[in-house]
file query_3.txt (compact mmCIF, C-alpha atoms)
# COMPACT_ATOMS: atom_id res chain seq x y z
CA MET A 104 68.85 85.12 146.16
CA ILE A 105 66.78 87.43 148.39
CA ARG A 106 68.86 89.79 150.52
CA ILE A 107 67.24 91.15 153.68
CA MET A 108 68.73 93.48 156.27
CA PHE A 109 66.93 93.95 159.58
CA VAL A 110 67.55 97.39 161.09
CA CYS A 111 67.16 98.96 164.52
CA HIS A 112 68.81 101.78 166.43
CA GLY A 113 71.90 100.09 167.87
CA ASN A 114 72.01 96.59 166.33
CA ILE A 115 72.37 94.95 169.74
CA CYS A 116 68.76 93.95 170.56
CA ARG A 117 65.91 93.94 168.06
CA SER A 118 67.59 93.68 164.66
CA PRO A 119 69.98 90.88 165.65
CA MET A 120 67.06 89.07 167.28
CA ALA A 121 65.19 89.36 163.97
CA GLU A 122 68.26 88.26 162.02
CA PHE A 123 68.66 85.03 163.98
CA ILE A 124 64.94 84.29 164.29
CA PHE A 125 64.50 84.65 160.53
CA LYS A 126 67.62 82.59 159.78
CA LYS A 127 66.20 79.77 161.90
CA MET A 128 62.81 80.00 160.17
CA ILE A 129 64.28 79.78 156.69
CA ALA A 130 66.60 76.94 157.74
CA GLU A 131 63.61 74.98 159.07
CA GLN A 132 61.90 75.45 155.69
CA GLY A 133 65.02 74.39 153.77
CA LEU A 134 65.36 77.87 152.27
CA SER A 135 68.74 78.99 153.62
CA ASP A 136 70.26 78.89 150.15
CA LYS A 137 67.61 81.34 148.87
CA PHE A 138 68.30 84.16 151.35
CA VAL A 139 71.09 86.37 152.67
CA ILE A 140 70.10 87.74 156.06
CA SER A 141 71.91 90.33 158.16
CA SER A 142 71.23 93.21 160.52
CA SER A 143 72.54 96.69 161.19
CA ALA A 144 72.13 99.89 163.19
CA THR A 145 71.12 103.38 162.18
CA SER A 146 73.40 104.84 164.87
CA THR A 147 77.03 104.47 165.87
CA GLU A 148 76.31 104.35 169.62
CA GLU A 149 77.23 100.67 169.87
CA ILE A 150 80.28 100.93 167.63
CA ILE A 151 83.36 102.08 169.50
CA GLY A 152 86.67 102.57 167.74
CA GLY A 153 85.31 100.85 164.65
CA ILE A 154 84.39 97.71 166.61
CA GLY A 155 80.74 96.92 167.27
CA ASN A 156 79.50 95.75 170.63
CA PRO A 157 78.15 92.21 170.87
CA VAL A 158 74.44 91.48 171.19
CA TYR A 159 73.13 92.87 174.48
CA PRO A 160 73.23 90.10 177.14
CA PRO A 161 69.46 90.00 177.88
CA ALA A 162 68.72 89.81 174.14
CA ARG A 163 71.32 87.05 173.77
CA ALA A 164 69.75 85.22 176.73
CA GLU A 165 66.27 85.47 175.19
CA LEU A 166 67.55 84.03 171.93
CA LEU A 167 69.24 81.19 173.83
CA ARG A 168 65.95 80.43 175.61
CA HIS A 169 64.62 79.63 172.13
CA GLY A 170 67.65 77.61 171.05
CA LEU A 171 69.27 80.39 169.02
CA SER A 172 72.89 81.42 169.19
CA CYS A 173 74.07 84.84 168.05
CA GLU A 174 77.70 84.08 168.87
CA GLY A 175 80.10 86.35 167.04
CA LYS A 176 77.48 88.94 166.04
CA ARG A 177 78.67 92.50 166.57
CA ALA A 178 76.91 95.77 165.86
CA VAL A 179 77.47 97.29 162.44
CA GLN A 180 76.12 100.51 161.01
CA LEU A 181 73.92 100.74 157.96
CA LYS A 182 75.77 102.52 155.14
CA PRO A 183 74.51 104.31 152.01
CA GLY A 184 76.17 101.65 149.82
CA ASP A 185 74.02 98.93 151.42
CA TYR A 186 71.01 100.12 149.42
CA ASP A 187 72.25 98.43 146.26
CA LYS A 188 73.38 95.28 148.10
CA TYR A 189 70.01 94.34 149.64
CA ASP A 190 66.49 93.82 148.36
CA LEU A 191 64.69 94.73 151.56
CA PHE A 192 65.41 96.74 154.71
CA ILE A 193 63.14 95.77 157.58
CA ALA A 194 62.94 98.37 160.35
CA MET A 195 61.73 97.74 163.87
CA ASP A 196 59.99 101.10 164.41
CA GLN A 197 59.07 104.40 162.83
CA ASN A 198 62.21 106.13 164.13
CA ASN A 199 64.29 103.50 162.34
CA ILE A 200 62.38 104.22 159.12
CA ARG A 201 63.19 107.92 159.45
CA ASN A 202 66.87 107.22 160.15
CA ILE A 203 67.18 104.72 157.30
CA ALA A 204 65.69 107.31 154.95
CA ARG A 205 68.25 109.84 156.22
CA ILE A 206 71.12 107.43 155.53
CA PHE A 207 69.90 106.44 152.05
CA LYS A 208 68.56 109.88 151.07
CA SER A 209 65.85 108.18 148.99
CA ASP A 210 64.12 104.86 148.44
CA PRO A 211 63.40 104.69 144.70
CA ASP A 212 62.81 100.93 144.77
CA ASN A 213 60.54 100.97 147.85
CA LYS A 214 62.86 98.64 149.79
CA ILE A 215 62.29 100.11 153.27
CA LYS A 216 59.53 98.41 155.29
CA LYS A 217 58.56 98.09 158.92
CA LEU A 218 58.43 94.54 160.35
CA MET A 219 55.08 94.91 162.07
CA ASP A 220 53.44 96.16 158.87
CA TYR A 221 53.43 92.49 157.82
CA VAL A 222 51.03 91.81 160.71
CA GLY A 223 48.84 94.90 160.68
CA GLY A 224 51.18 97.68 161.80
CA GLY A 225 52.82 99.11 164.87
CA ASP A 226 56.34 99.12 166.20
CA VAL A 227 58.50 96.48 167.86
CA ALA A 228 59.07 97.99 171.29
CA ASP A 229 62.72 98.52 172.17
CA PRO A 230 63.55 96.16 175.06
CA TRP A 231 66.54 98.35 175.94
CA TYR A 232 63.91 100.66 177.45
CA THR A 233 61.05 98.28 178.27
CA GLY A 234 63.10 95.38 179.67
CA ASN A 235 60.55 93.03 178.08
CA PHE A 236 62.81 90.89 175.92
CA ASP A 237 60.22 88.10 175.87
CA ILE A 238 57.58 90.39 174.38
CA THR A 239 60.06 91.76 171.86
CA TYR A 240 60.98 88.19 170.88
CA ARG A 241 57.31 87.30 170.46
CA ASP A 242 56.58 90.35 168.29
CA ILE A 243 59.65 89.80 166.12
CA TYR A 244 58.80 86.11 165.74
CA ILE A 245 55.26 86.94 164.61
CA GLY A 246 56.53 89.59 162.19
CA CYS A 247 59.20 87.30 160.77
CA ALA A 248 56.69 84.48 160.31
CA ALA A 249 54.41 86.82 158.36
CA LEU A 250 57.37 88.07 156.28
CA LEU A 251 58.38 84.51 155.43
CA GLU A 252 54.79 83.62 154.59
CA GLN A 253 54.69 86.49 152.11
CA PHE A 254 57.77 85.13 150.32
CA GLN A 255 56.34 81.62 150.31
CA SER A 256 53.05 82.79 148.82
CA VAL A 257 54.88 84.61 146.01
CA ASN A 258 57.18 81.68 145.14
call {"tool": "encode", "arguments": {"input": "query_3.txt", "output": "structure tokens"}}
result
Amino acid sequence: MIRIMFVCHGNICRSPMAEFIFKKMIAEQGLSDKFVISSSATSTEEIIGGIGNPVYPPARAELLRHGLSCEGKRAVQLKPGDYDKYDLFIAMDQNNIRNIARIFKSDPDNKIKKLMDYVGGGDVADPWYTGNFDITYRDIYIGCAALLEQFQSVN
């Protein structure tokens, strides 16, 4: 079982988009039983009174445009104990990498990666600021496809 956690700042746009895009990709390949996929935030901004906010409406709408439902998904924060529960932490940008490292204190098993490094580098732009949910979807899709291809080439 391969356990992957996608991570962004608030867990209401990019990381849940990646979670559901990747879940669909592995389902289409008949690999759902080989993976555990989730997503989380490096901040608590979207978690109020211990309850996470749902996926941001424009992100949810973009997923729906591609036939993906994120119903029931709520923001959760990445915790130090998650390090031992997952094999890979996929960040959306360099700030996420820095914040993940702060939460975990170290990465002895080299589990922290950036999604766009699987396609040559760069960051997935935060649509909270850009408003370009379609471009964010496209970039995440391309990154997830490359990530899945890497697993398929190894197995």
call {"tool": "axis_aligned_box", "arguments": {"input": "query_3.txt", "around": "segment 133-141 of chain A", "padding_each_side": "6 Å", "output": "lines of an AutoDock Vina configuration file"}}
result
center_x = 68.5
center_y = 82.4
center_z = 153.5
size_x = 18.9
size_y = 27.9
size_z = 21.3
call {"tool": "residues_around", "arguments": {"input": "query_3.txt", "residues": "His112 of chain A", "least_positions_apart": "6", "cutoff": "12 Å", "atoms": "all atoms listed in the file", "output": "NGL selection string"}}
result
:A and (118-119 or 142-150 or 178-181 or 194-203 or 227-231)
call {"tool": "closest_residue", "arguments": {"input": "query_3.txt", "among": "A:Asp212, A:Asp185, A:Glu165, A:Glu252", "to": "Arg117 of chain A", "atoms": "all atoms listed in the file"}}
result
A:Glu165
call {"tool": "closest_residue", "arguments": {"input": "query_3.txt", "among": "A:Lys188, A:Met120, A:Met104, A:Ile215", "to": "Lys137 of chain A", "atoms": "all atoms listed in the file"}}
result
A:Met104
call {"tool": "atom_distance", "arguments": {"input": "query_3.txt", "atom1": "atom CA of Asp187 of chain A", "atom2": "atom CA of Met219 of chain A"}}
result
23.6 Å
call {"tool": "atom_distance", "arguments": {"input": "query_3.txt", "atom1": "atom CA of Val110 of chain A", "atom2": "atom CA of Tyr244 of chain A"}}
result
15.0 Å
call {"tool": "residues_around", "arguments": {"input": "query_3.txt", "residues": "Glu122 of chain A", "least_positions_apart": "5", "cutoff": "8 Å", "atoms": "all atoms listed in the file", "output": "VMD selection string"}}
result
chain A and resid 108 to 109 140 to 142
call {"tool": "atom_distance", "arguments": {"input": "query_3.txt", "atom1": "atom CA of Ala121 of chain A", "atom2": "atom CA of Asp237 of chain A"}}
result
13.0 Å
call {"tool": "closest_residue", "arguments": {"input": "query_3.txt", "among": "A:Lys176, A:Asp210, A:Ile154, A:Ile129", "to": "Leu250 of chain A", "atoms": "all atoms listed in the file"}}
result
A:Ile129
call {"tool": "closest_residue", "arguments": {"input": "query_3.txt", "among": "A:Ile238, A:Ile245, A:Val139, A:Ile115", "to": "Gly224 of chain A", "atoms": "only C-alpha atoms"}}
result
A:Ile245
call {"tool": "residues_around", "arguments": {"input": "query_3.txt", "residues": "Ala164 of chain A", "least_positions_apart": "2", "cutoff": "12 Å", "atoms": "only C-alpha atoms", "output": "MDAnalysis selection string"}}
result
chainID A and resid 116 120 158:162 166:174 236:237 240
